[in-house]
Protein chains: 2
Amino acid sequence: MPYNVADATRDMDDLIVRPAHVFKEKQGIDVRIQHRAEAIDPAGKIVTGRNAAGEPFQIPYDKLLIATGARAVMPKLAGIDSPGVMALKDLEDGRRIKVFIKEQGVKKVVILGMGYIAFEMCEAFRARGIEVEMIKPRPVFIPWMNEQLASVVKKEVEANQVKVHLGQPIERIARNGKGLRVTCPGLQLDGDMVLVAVGVRPNSELAENAGLVLGPGKSVAVDRMLRTSDPDIYAAGDCADAFHVVTGQRTWIPLALRANRAGWAVADNVLGGKVELQGVAGTAVFKVFDLEVARTGLSVEEARKGGFEPAEVVIQSQTRAHKHPGSLTIHVQLVGDKKTGRLLGAQIVGKEGAAHRINAAAVALHAKMSVEEFGQSDLAYAPPFGPTWDPVLTAANQLVKAV
Amino acid sequence: MPYNVADATRDMDDLIVRPAHVFKEKQGIDVRIQHRAEAIDPAGKIVTGRNAAGEPFQIPYDKLLIATGARAVMPKLAGIDSPGVMALKDLEDGRRIKVFIKEQGVKKVVILGMGYIAFEMCEAFRARGIEVEMIKPRPVFIPWMNEQLASVVKKEVEANQVKVHLGQPIERIARNGKGLRVTCPGLQLDGDMVLVAVGVRPNSELAENAGLVLGPGKSVAVDRMLRTSDPDIYAAGDCADAFHVVTGQRTWIPLALRANRAGWAVADNVLGGKVELQGVAGTAVFKVFDLEVARTGLSVEEARKGGFEPAEVVIQSQTRAHKHPGSLTIHVQLVGDKKTGRLLGAQIVGKEGAAHRINAAAVALHAKMSVEEFGQSDLAYAPPFGPTWDPVLTAANQLVKAV
């Protein structure tokens, strides 16, 4: 959606791959939109709720899939309900934001939060010539990111005329003439719109009220076959948890690939299949202006919490060969375990080749490779695509000494 | 070097990372250039040869490293020694080609061969406005490549006004007025220069004459510690063989990363270390015009020869998410083993994101992953960098059914 918001000429409906009626017509699937499921009765195997007209419905099931997703967290702040304070989670949000920008002639936005969506939207607003300030209560720009790498991202954001305010607890949002004012103890930010992008939480209330076991972050706990604590109820998507391939522990990292993969696995399993998912490595990437920012596995802090004894290296390398025209700087951080030598995580920041480079490390995490084994990988080399030693290998060679 | 040749304003010496005298001055290494080693006496542990002035020398050794590299194959053809028939292997070749283009005002080149160097040079010549025709005796454009993918490469080459002639056995090269003429039974190609790029062969005569065991393609056979059949003689670089991580067999795939890595390993081992190299996956990439062409592991034919029972899929996907601006087509081929389900190889062709995508598959080969395990990898997703399911995963999901 951020990339759609970035372009005033695009219709948000572009993003609809398949409208609801097609499911029915082409696949014989009875898709009931505007029906809110309000309760699950696991003993009676019935879902109850109401449609848009307020009429109650009851649907019995043999197997049930909870795929309720996640929603944007809206902090409890005075004025959070003011017109012009928006979040971006579903298509309706996206439409609303585009209409608001156009109708109100938005010139300036204040973004609360500094996660993936905050950065993507920050770029989208700048693409439309809108002034942006970003603000968050915590003092650290991107807490999960190595400090050196995070400072590269911060510089890129600031180089695009975005003001970043850290360590600013927000007291309230209020109307201020035609616009809005975000007030902190020592700071006031004015804008025509406030985008709230402080995170998401799972829509797990239905599951919780049905007595299902919850996992990290109040997500719905599922096993490798996506079964909840009730054998006839599955959960998949941003509402459900997953096993982390590095820690082996339950985790909640709501991202598109896992959500999609889990949906397919449930379909197979409901029909008698036995698809078990390995789990997630927490691999993610975002683009912010000209920078690609990618991660997989554990940060140093996460590794410590997971019972590892982490060592870390950060290297700076080039995206192309020695003297190759157009070569740019790339930063790689790798984390390994001193006790076992195992590779635990990677972070990459660069203006090209960061997004796909992270996947080599992600596969290594799935394979539980040691840092040394990963460093021995035979990766591709040609001058337009990297130095002879790919930056991830250079980092691995250095980390071998530290683990 | 091809990228240097592409730019008339660049000096070939740009590519020298460290000139010979610096080794001596900064590192105390006695680098003797213009000294040709002519024989190794393994019993007496002496290398003999002659310098540029024809004076003989004798150098005793405790440990010896053979790092003689490879040389361009020059087919035995009438006229192969004609002025203007050039190969590109060392810096001197590169300089000669640039001087020749400039001094002779080269307007048209005929390239013999269709390997990496042939394609890179084809692009380099076109960048300088030089007309190019490519010719080879064998009927198949890129024999190791899946046919569908190879046809994408062929179209890209032809779209850049390069004529491709397949299945044309070359009879002779001859002077033709100011230029050269390449003659085949039913075809004559004229050009100001002929580039011979039909492959390389290892400079292993020194090793062979010293009685060392040779490996595939007459490369010098080495163990995982880079020792030849003589315990005091190592070999590394394009002259030496390697173990293939997929087949476990000896192979000769002369590429930069392995050469460089083997050099470092020998340094450690000569000094008492015990560095063992895992081997190569045959991961390689080249750019030809706007296309990235990458491979790792085995082709179907190589898999069959290696004793596997290969299954193959080819998929076409997009380099960016649904409806993301700038999205391009990408083609992925994967090979798996029907007997074990193991992933055996991958080939990727696309206008963006092929070069680095191959590395995820390369790591999977090192880890001896099954197709199913690889397909479960948690890879990065963001709209500017790929669909939710990375094309390599889409291919793996399809190959699972076939293996």
# chains A, B, ... in the order shown; residues from 1 in each chain; ligands from 1

call {"tool": "calpha_fit_and_write", "arguments": {"fixed": "chain B", "moving": "chain A", "output": "compact mmCIF listing (two decimals) with C-alpha atoms, in the first residue's frame"}}
result
# COMPACT_ATOMS: atom_id res chain seq x y z
CA MET A 1 38.71 -6.58 -17.98
CA PRO A 2 35.67 -6.58 -20.29
CA TYR A 3 34.24 -3.65 -18.30
CA ASN A 4 37.51 -1.80 -18.68
CA VAL A 5 37.62 -2.51 -22.43
CA ALA A 6 34.07 -1.12 -22.62
CA ASP A 7 35.32 2.30 -21.55
CA ALA A 8 37.94 3.85 -23.87
CA THR A 9 38.80 6.47 -21.26
CA ARG A 10 39.86 3.98 -18.57
CA ASP A 11 43.42 2.78 -18.08
CA MET A 12 43.83 -1.01 -17.91
CA ASP A 13 46.24 -0.44 -14.99
CA ASP A 14 43.17 0.61 -12.94
CA LEU A 15 42.69 -3.09 -12.34
CA ILE A 16 46.03 -3.60 -10.62
CA VAL A 17 45.25 -3.83 -6.92
CA ARG A 18 48.90 -4.06 -5.86
CA PRO A 19 51.93 -3.72 -8.17
CA ALA A 20 54.77 -6.24 -7.83
CA HIS A 21 57.22 -3.86 -6.13
CA VAL A 22 54.77 -3.19 -3.27
CA PHE A 23 54.88 -6.85 -2.23
CA LYS A 24 58.61 -6.46 -1.70
CA GLU A 25 58.55 -3.02 -0.09
CA LYS A 26 55.58 -3.47 2.22
CA GLN A 27 55.55 -7.20 2.90
CA GLY A 28 59.10 -8.37 2.34
CA ILE A 29 57.97 -10.80 -0.35
CA ASP A 30 60.57 -11.46 -3.03
CA VAL A 31 58.34 -11.25 -6.12
CA ARG A 32 60.32 -12.08 -9.23
CA ILE A 33 58.38 -11.08 -12.30
CA GLN A 34 59.67 -11.97 -15.76
CA HIS A 35 61.04 -15.20 -14.35
CA ARG A 36 59.66 -18.29 -16.08
CA ALA A 37 59.62 -21.44 -13.96
CA GLU A 38 60.46 -24.28 -16.35
CA ALA A 39 60.77 -27.34 -14.13
CA ILE A 40 60.13 -28.60 -10.63
CA ASP A 41 62.43 -31.19 -9.10
CA PRO A 42 60.28 -32.67 -6.32
CA ALA A 43 63.07 -34.93 -5.07
CA GLY A 44 65.64 -32.12 -4.87
CA LYS A 45 62.98 -29.56 -3.95
CA ILE A 46 64.20 -27.05 -6.49
CA VAL A 47 62.45 -24.93 -9.11
CA THR A 48 64.51 -24.07 -12.18
CA GLY A 49 63.84 -21.65 -15.00
CA ARG A 50 64.97 -18.58 -16.88
CA ASN A 51 64.45 -14.88 -16.55
CA ALA A 52 63.58 -12.45 -19.34
CA ALA A 53 67.25 -12.05 -20.24
CA GLY A 54 67.53 -15.82 -20.76
CA GLU A 55 69.63 -16.33 -17.62
CA PRO A 56 68.90 -19.54 -15.74
CA PHE A 57 67.83 -19.55 -12.08
CA GLN A 58 67.39 -22.18 -9.39
CA ILE A 59 65.21 -21.66 -6.34
CA PRO A 60 65.12 -24.25 -3.56
CA TYR A 61 61.93 -24.64 -1.53
CA ASP A 62 60.59 -26.22 1.62
CA LYS A 63 56.99 -25.89 0.46
CA LEU A 64 55.95 -24.99 -3.07
CA LEU A 65 52.73 -23.47 -4.35
CA ILE A 66 51.78 -23.93 -7.99
CA ALA A 67 49.52 -21.02 -8.90
CA THR A 68 50.03 -20.94 -12.63
CA GLY A 69 46.42 -20.23 -13.53
CA ALA A 70 44.82 -21.05 -16.83
CA ARG A 71 45.24 -19.81 -20.37
CA ALA A 72 42.87 -19.14 -23.22
CA VAL A 73 42.41 -22.10 -25.56
CA MET A 74 43.55 -21.20 -29.09
CA PRO A 75 42.05 -23.69 -31.55
CA LYS A 76 44.41 -25.14 -34.16
CA LEU A 77 43.13 -23.15 -37.11
CA ALA A 78 44.92 -21.80 -40.12
CA GLY A 79 45.41 -18.10 -39.51
CA ILE A 80 44.91 -18.20 -35.75
CA ASP A 81 48.22 -16.32 -35.40
CA SER A 82 47.16 -13.49 -37.72
CA PRO A 83 47.49 -9.97 -36.30
CA GLY A 84 44.08 -8.95 -34.96
CA VAL A 85 43.19 -12.43 -33.70
CA MET A 86 43.19 -11.91 -29.94
CA ALA A 87 42.21 -13.64 -26.71
CA LEU A 88 41.48 -12.01 -23.34
CA LYS A 89 43.10 -13.75 -20.42
CA ASP A 90 45.72 -11.54 -18.82
CA LEU A 91 46.20 -7.82 -18.40
CA GLU A 92 48.58 -7.72 -21.36
CA ASP A 93 45.80 -9.15 -23.56
CA GLY A 94 43.46 -6.46 -22.29
CA ARG A 95 45.93 -3.70 -23.07
CA ARG A 96 46.57 -5.13 -26.54
CA ILE A 97 42.87 -5.26 -27.34
CA LYS A 98 42.31 -1.65 -26.28
CA VAL A 99 45.29 -0.41 -28.27
CA PHE A 100 44.21 -2.41 -31.31
CA ILE A 101 40.65 -1.05 -31.18
CA LYS A 102 41.98 2.50 -30.98
CA GLU A 103 44.83 2.30 -33.48
CA GLN A 104 43.01 0.22 -36.08
CA GLY A 105 39.71 2.03 -35.61
CA VAL A 106 37.94 -1.31 -35.16
CA LYS A 107 34.35 -1.19 -36.47
CA LYS A 108 33.51 -4.87 -36.37
CA VAL A 109 34.55 -7.91 -34.31
CA VAL A 110 33.90 -11.60 -34.83
CA ILE A 111 33.80 -13.52 -31.53
CA LEU A 112 34.59 -17.24 -31.56
CA GLY A 113 32.84 -18.92 -28.64
CA MET A 114 29.84 -18.22 -26.42
CA GLY A 115 31.00 -18.49 -22.83
CA TYR A 116 31.10 -15.89 -20.02
CA ILE A 117 34.02 -13.96 -21.53
CA ALA A 118 32.47 -14.02 -25.00
CA PHE A 119 29.25 -12.48 -23.67
CA GLU A 120 30.96 -9.91 -21.48
CA MET A 121 33.20 -8.85 -24.36
CA CYS A 122 30.27 -8.80 -26.74
CA GLU A 123 28.63 -6.23 -24.43
CA ALA A 124 31.92 -4.30 -24.12
CA PHE A 125 32.32 -4.02 -27.89
CA ARG A 126 28.70 -2.92 -28.36
CA ALA A 127 29.22 -0.27 -25.65
CA ARG A 128 31.92 1.18 -27.90
CA GLY A 129 29.66 1.09 -30.94
CA ILE A 130 31.48 -1.87 -32.49
CA GLU A 131 29.47 -4.32 -34.59
CA VAL A 132 29.64 -7.92 -33.30
CA GLU A 133 28.98 -11.36 -34.73
CA MET A 134 29.37 -14.48 -32.58
CA ILE A 135 30.08 -17.92 -33.97
CA LYS A 136 30.62 -21.44 -32.65
CA PRO A 137 30.82 -24.95 -34.11
CA ARG A 138 28.38 -26.58 -31.68
CA PRO A 139 24.67 -26.27 -32.48
CA VAL A 140 23.49 -25.31 -28.97
CA PHE A 141 23.71 -21.69 -27.78
CA ILE A 142 24.59 -22.34 -24.09
CA PRO A 143 24.81 -26.12 -23.69
CA TRP A 144 24.72 -26.25 -19.88
CA MET A 145 21.66 -24.01 -19.69
CA ASN A 146 18.03 -25.01 -19.73
CA GLU A 147 16.72 -24.38 -23.24
CA GLN A 148 14.00 -21.92 -22.22
CA LEU A 149 16.41 -19.83 -20.19
CA ALA A 150 19.06 -19.97 -22.93
CA SER A 151 16.55 -18.64 -25.44
CA VAL A 152 15.96 -15.61 -23.18
CA VAL A 153 19.71 -14.91 -23.23
CA LYS A 154 19.87 -15.37 -27.01
CA LYS A 155 17.04 -12.90 -27.53
CA GLU A 156 18.77 -10.34 -25.33
CA VAL A 157 22.02 -10.69 -27.28
CA GLU A 158 20.21 -10.42 -30.62
CA ALA A 159 18.13 -7.47 -29.39
CA ASN A 160 21.45 -5.68 -29.05
CA GLN A 161 22.21 -6.12 -32.75
CA VAL A 162 24.58 -9.04 -32.27
CA LYS A 163 24.36 -11.78 -34.89
CA VAL A 164 24.65 -15.31 -33.47
CA HIS A 165 25.82 -18.17 -35.71
CA LEU A 166 25.48 -21.69 -34.26
CA GLY A 167 26.69 -25.01 -35.65
CA GLN A 168 29.33 -23.38 -37.84
CA PRO A 169 32.60 -25.33 -37.88
CA ILE A 170 35.39 -22.84 -38.55
CA GLU A 171 37.79 -23.77 -41.34
CA ARG A 172 40.25 -20.92 -41.24
CA ILE A 173 40.95 -17.30 -40.44
CA ALA A 174 42.68 -15.24 -43.10
CA ARG A 175 43.67 -11.68 -43.87
CA ASN A 176 41.10 -9.99 -46.04
CA GLY A 177 42.40 -6.62 -47.20
CA LYS A 178 42.82 -4.48 -44.07
CA GLY A 179 40.73 -6.91 -42.00
CA LEU A 180 40.16 -10.58 -41.26
CA ARG A 181 37.85 -13.23 -42.66
CA VAL A 182 36.51 -16.23 -40.72
CA THR A 183 35.55 -18.99 -43.12
CA CYS A 184 33.07 -21.81 -42.46
CA PRO A 185 31.66 -24.31 -45.01
CA GLY A 186 28.62 -22.18 -45.78
CA LEU A 187 29.47 -18.86 -44.21
CA GLN A 188 32.08 -16.12 -44.30
CA LEU A 189 32.35 -13.48 -41.58
CA ASP A 190 34.47 -10.37 -42.01
CA GLY A 191 35.77 -8.21 -39.18
CA ASP A 192 38.58 -5.90 -38.13
CA MET A 193 39.31 -8.13 -35.15
CA VAL A 194 38.64 -11.74 -34.14
CA LEU A 195 38.24 -12.43 -30.42
CA VAL A 196 38.90 -16.04 -29.49
CA ALA A 197 36.85 -16.92 -26.40
CA VAL A 198 36.29 -20.64 -26.70
CA GLY A 199 37.40 -21.52 -23.18
CA VAL A 200 40.43 -21.90 -20.94
CA ARG A 201 42.72 -24.74 -19.94
CA PRO A 202 44.88 -25.10 -16.85
CA ASN A 203 48.58 -24.27 -17.00
CA SER A 204 49.45 -27.63 -15.53
CA GLU A 205 52.43 -28.69 -17.66
CA LEU A 206 54.92 -27.85 -14.91
CA ALA A 207 52.98 -30.03 -12.49
CA GLU A 208 52.49 -32.81 -15.00
CA ASN A 209 56.20 -32.87 -15.89
CA ALA A 210 57.03 -33.05 -12.19
CA GLY A 211 54.97 -36.23 -12.01
CA LEU A 212 52.09 -34.76 -9.99
CA VAL A 213 48.69 -36.38 -10.32
CA LEU A 214 46.28 -34.45 -12.55
CA GLY A 215 42.52 -34.06 -12.11
CA PRO A 216 39.63 -33.24 -14.45
CA GLY A 217 40.52 -31.27 -17.58
CA LYS A 218 44.24 -31.77 -16.84
CA SER A 219 43.99 -29.49 -13.78
CA VAL A 220 46.32 -30.23 -10.87
CA ALA A 221 44.62 -32.61 -8.43
CA VAL A 222 44.55 -31.31 -4.85
CA ASP A 223 43.01 -32.51 -1.61
CA ARG A 224 40.81 -30.39 0.67
CA MET A 225 43.94 -28.80 2.13
CA LEU A 226 45.14 -27.92 -1.40
CA ARG A 227 47.99 -30.45 -1.30
CA THR A 228 48.96 -32.09 -4.58
CA SER A 229 50.12 -35.72 -4.74
CA ASP A 230 53.46 -34.42 -3.43
CA PRO A 231 53.03 -33.50 0.26
CA ASP A 232 55.34 -30.47 -0.06
CA ILE A 233 53.65 -29.05 -3.16
CA TYR A 234 50.35 -27.19 -3.05
CA ALA A 235 48.29 -25.96 -5.99
CA ALA A 236 45.66 -23.22 -5.97
CA GLY A 237 43.83 -21.02 -8.42
CA ASP A 238 42.62 -21.73 -11.94
CA CYS A 239 45.27 -24.46 -12.41
CA ALA A 240 43.88 -26.65 -9.62
CA ASP A 241 40.82 -28.85 -9.24
CA ALA A 242 38.25 -28.92 -6.39
CA PHE A 243 35.63 -31.19 -4.92
CA HIS A 244 32.07 -30.48 -6.02
CA VAL A 245 29.78 -30.15 -3.00
CA VAL A 246 26.85 -31.74 -4.85
CA THR A 247 28.55 -34.74 -6.47
CA GLY A 248 31.43 -35.12 -4.01
CA GLN A 249 33.56 -35.73 -7.11
CA ARG A 250 36.59 -33.85 -8.37
CA THR A 251 35.73 -31.06 -10.79
CA TRP A 252 37.51 -28.24 -12.56
CA ILE A 253 35.52 -24.99 -12.49
CA PRO A 254 38.06 -22.17 -12.68
CA LEU A 255 36.43 -19.13 -11.05
CA ALA A 256 37.72 -16.17 -9.07
CA LEU A 257 36.28 -16.83 -5.61
CA ARG A 258 37.57 -20.39 -5.36
CA ALA A 259 40.96 -19.30 -6.68
CA ASN A 260 41.21 -16.55 -4.10
CA ARG A 261 39.91 -18.73 -1.26
CA ALA A 262 42.34 -21.52 -2.11
CA GLY A 263 45.25 -19.05 -2.05
CA TRP A 264 44.39 -17.97 1.48
CA ALA A 265 43.95 -21.56 2.61
CA VAL A 266 47.38 -22.55 1.25
CA ALA A 267 48.98 -19.63 3.10
CA ASP A 268 47.46 -20.91 6.33
CA ASN A 269 48.37 -24.53 5.66
CA VAL A 270 51.97 -23.82 4.66
CA LEU A 271 52.32 -22.10 8.02
CA GLY A 272 51.06 -25.16 9.86
CA GLY A 273 47.31 -24.52 9.70
CA LYS A 274 44.76 -27.19 8.86
CA VAL A 275 42.29 -25.33 6.67
CA GLU A 276 40.11 -27.72 4.70
CA LEU A 277 37.94 -26.33 1.91
CA GLN A 278 34.43 -27.73 1.52
CA GLY A 279 34.53 -27.45 -2.24
CA VAL A 280 32.66 -25.64 -4.96
CA ALA A 281 29.03 -25.55 -6.02
CA GLY A 282 29.91 -24.12 -9.41
CA THR A 283 28.09 -20.89 -8.61
CA ALA A 284 28.59 -18.32 -11.35
CA VAL A 285 26.97 -15.23 -12.74
CA PHE A 286 27.49 -13.01 -15.72
CA LYS A 287 25.85 -9.91 -17.07
CA VAL A 288 25.10 -9.59 -20.75
CA PHE A 289 23.55 -6.27 -21.71
CA ASP A 290 20.57 -5.82 -19.34
CA LEU A 291 20.37 -9.46 -18.36
CA GLU A 292 21.74 -11.19 -15.26
CA VAL A 293 22.50 -14.88 -15.87
CA ALA A 294 23.29 -17.07 -12.89
CA ARG A 295 23.79 -20.72 -12.08
CA THR A 296 24.77 -22.99 -9.22
CA GLY A 297 25.12 -26.75 -8.89
CA LEU A 298 24.25 -29.22 -11.58
CA SER A 299 22.36 -29.02 -14.86
CA VAL A 300 20.03 -31.90 -15.71
CA GLU A 301 22.72 -33.51 -17.84
CA GLU A 302 25.41 -33.06 -15.20
CA ALA A 303 23.04 -34.54 -12.59
CA ARG A 304 22.44 -37.58 -14.76
CA LYS A 305 26.18 -38.06 -15.27
CA GLY A 306 26.67 -37.67 -11.51
CA GLY A 307 24.42 -40.68 -10.86
CA PHE A 308 21.32 -38.75 -9.84
CA GLU A 309 17.81 -39.16 -11.25
CA PRO A 310 17.08 -35.52 -12.06
CA ALA A 311 13.72 -33.77 -12.27
CA GLU A 312 13.55 -30.19 -13.48
CA VAL A 313 11.11 -27.29 -13.33
CA VAL A 314 11.22 -23.95 -15.07
CA ILE A 315 9.03 -21.14 -13.85
CA GLN A 316 8.48 -17.58 -14.91
CA SER A 317 7.81 -15.00 -12.24
CA GLN A 318 8.21 -11.31 -11.50
CA THR A 319 11.08 -9.39 -9.92
CA ARG A 320 8.72 -7.21 -7.86
CA ALA A 321 5.34 -7.55 -6.18
CA HIS A 322 1.96 -7.64 -7.92
CA LYS A 323 1.43 -4.28 -9.67
CA HIS A 324 4.65 -2.82 -8.30
CA PRO A 325 6.02 -0.33 -10.84
CA GLY A 326 9.10 -1.51 -12.76
CA SER A 327 8.47 -5.22 -12.22
CA LEU A 328 10.26 -7.42 -14.77
CA THR A 329 10.16 -11.05 -15.82
CA ILE A 330 12.50 -13.52 -14.15
CA HIS A 331 13.06 -17.16 -15.11
CA VAL A 332 14.10 -19.81 -12.60
CA GLN A 333 15.07 -23.40 -13.27
CA LEU A 334 15.63 -25.86 -10.44
CA VAL A 335 16.93 -29.41 -10.59
CA GLY A 336 16.22 -32.01 -7.91
CA ASP A 337 16.92 -35.69 -7.39
CA LYS A 338 13.91 -38.02 -7.61
CA LYS A 339 15.65 -40.70 -5.56
CA THR A 340 16.44 -38.55 -2.53
CA GLY A 341 14.46 -35.34 -2.98
CA ARG A 342 17.70 -33.38 -2.78
CA LEU A 343 18.20 -30.01 -4.48
CA LEU A 344 20.89 -30.36 -7.15
CA GLY A 345 21.07 -27.10 -9.05
CA ALA A 346 19.53 -23.78 -10.04
CA GLN A 347 19.69 -21.40 -12.97
CA ILE A 348 18.23 -17.90 -13.00
CA VAL A 349 17.88 -15.40 -15.82
CA GLY A 350 16.35 -11.95 -15.39
CA LYS A 351 16.85 -8.23 -15.83
CA GLU A 352 17.19 -7.68 -12.06
CA GLY A 353 17.70 -9.78 -8.97
CA ALA A 354 19.09 -12.91 -10.67
CA ALA A 355 22.71 -12.46 -9.57
CA HIS A 356 22.15 -12.42 -5.82
CA ARG A 357 19.12 -14.72 -5.84
CA ILE A 358 21.32 -17.62 -6.96
CA ASN A 359 23.25 -17.46 -3.67
CA ALA A 360 20.31 -18.69 -1.59
CA ALA A 361 20.28 -21.84 -3.73
CA ALA A 362 24.08 -22.11 -3.53
CA VAL A 363 23.96 -22.14 0.28
CA ALA A 364 21.21 -24.77 0.11
CA LEU A 365 23.51 -26.96 -2.01
CA HIS A 366 26.31 -26.62 0.55
CA ALA A 367 23.83 -27.66 3.25
CA LYS A 368 22.65 -30.61 1.11
CA MET A 369 19.06 -29.45 1.56
CA SER A 370 16.14 -31.27 0.02
CA VAL A 371 13.98 -29.37 -2.43
CA GLU A 372 11.26 -29.36 0.22
CA GLU A 373 13.53 -27.91 2.89
CA PHE A 374 14.76 -25.22 0.51
CA GLY A 375 11.14 -24.42 -0.39
CA GLN A 376 10.44 -23.79 3.28
CA SER A 377 13.15 -21.14 3.60
CA ASP A 378 12.01 -17.90 5.16
CA LEU A 379 13.22 -15.42 2.52
CA ALA A 380 12.86 -11.67 2.55
CA TYR A 381 9.84 -9.97 1.04
CA ALA A 382 9.10 -6.35 0.25
CA PRO A 383 7.25 -5.13 -2.86
CA PRO A 384 10.27 -3.49 -4.59
CA PHE A 385 12.31 -6.69 -4.38
CA GLY A 386 10.02 -9.55 -5.33
CA PRO A 387 6.64 -11.22 -4.98
CA THR A 388 5.63 -12.54 -1.54
CA TRP A 389 6.89 -15.94 -2.67
CA ASP A 390 10.35 -15.35 -4.03
CA PRO A 391 10.66 -16.90 -7.52
CA VAL A 392 13.16 -19.49 -6.20
CA LEU A 393 10.53 -20.62 -3.66
CA THR A 394 7.81 -20.81 -6.31
CA ALA A 395 10.12 -23.02 -8.35
CA ALA A 396 10.94 -25.17 -5.30
CA ASN A 397 7.25 -25.63 -4.49
CA GLN A 398 6.66 -26.92 -8.01
CA LEU A 399 9.74 -29.13 -8.00
CA VAL A 400 8.66 -30.77 -4.73
CA LYS A 401 5.79 -32.37 -6.67
CA ALA A 402 8.17 -33.67 -9.35
CA VAL A 403 10.73 -35.21 -7.00

call {"tool": "select_by_dssp", "arguments": {"residues": "range 9-184 of chain B", "states": "strand (DSSP E)", "output": "MDAnalysis selection string"}}
result
chainID B and resid 35:41 46:51 56:60 64:66 70:72 85:87 108:112 131:135 162:165 172:176 179:184

call {"tool": "select_by_dssp", "arguments": {"residues": "range 112-275 of chain B", "states": "alpha helix (DSSP H)", "output": "MDAnalysis selection string"}}
result
chainID B and resid 116:127 147:159 205:209 256:270

call {"tool": "decode", "arguments": {"residues": "range 287-311 of chain B", "atoms": "C-alpha atoms", "output": "PDB file, in the first residue's frame"}}
result
ATOM      1  CA  LYS B 287      25.837  -9.924 -17.080  1.00  0.00           C
ATOM      2  CA  VAL B 288      25.075  -9.590 -20.758  1.00  0.00           C
ATOM      3  CA  PHE B 289      23.513  -6.259 -21.706  1.00  0.00           C
ATOM      4  CA  ASP B 290      20.555  -5.825 -19.338  1.00  0.00           C
ATOM      5  CA  LEU B 291      20.354  -9.477 -18.361  1.00  0.00           C
ATOM      6  CA  GLU B 292      21.720 -11.206 -15.273  1.00  0.00           C
ATOM      7  CA  VAL B 293      22.481 -14.880 -15.874  1.00  0.00           C
ATOM      8  CA  ALA B 294      23.287 -17.076 -12.896  1.00  0.00           C
ATOM      9  CA  ARG B 295      23.770 -20.729 -12.083  1.00  0.00           C
ATOM     10  CA  THR B 296      24.766 -22.996  -9.232  1.00  0.00           C
ATOM     11  CA  GLY B 297      25.109 -26.737  -8.887  1.00  0.00           C
ATOM     12  CA  LEU B 298      24.247 -29.225 -11.596  1.00  0.00           C
ATOM     13  CA  SER B 299      22.361 -29.016 -14.858  1.00  0.00           C
ATOM     14  CA  VAL B 300      20.043 -31.912 -15.711  1.00  0.00           C
ATOM     15  CA  GLU B 301      22.738 -33.508 -17.854  1.00  0.00           C
ATOM     16  CA  GLU B 302      25.425 -33.070 -15.197  1.00  0.00           C
ATOM     17  CA  ALA B 303      23.056 -34.535 -12.603  1.00  0.00           C
ATOM     18  CA  ARG B 304      22.453 -37.585 -14.759  1.00  0.00           C
ATOM     19  CA  LYS B 305      26.194 -38.047 -15.264  1.00  0.00           C
ATOM     20  CA  GLY B 306      26.668 -37.668 -11.506  1.00  0.00           C
ATOM     21  CA  GLY B 307      24.436 -40.669 -10.847  1.00  0.00           C
ATOM     22  CA  PHE B 308      21.326 -38.744  -9.840  1.00  0.00           C
ATOM     23  CA  GLU B 309      17.831 -39.156 -11.244  1.00  0.00           C
ATOM     24  CA  PRO B 310      17.085 -35.535 -12.060  1.00  0.00           C
ATOM     25  CA  ALA B 311      13.727 -33.774 -12.269  1.00  0.00           C
TER      26      ALA B 311
END
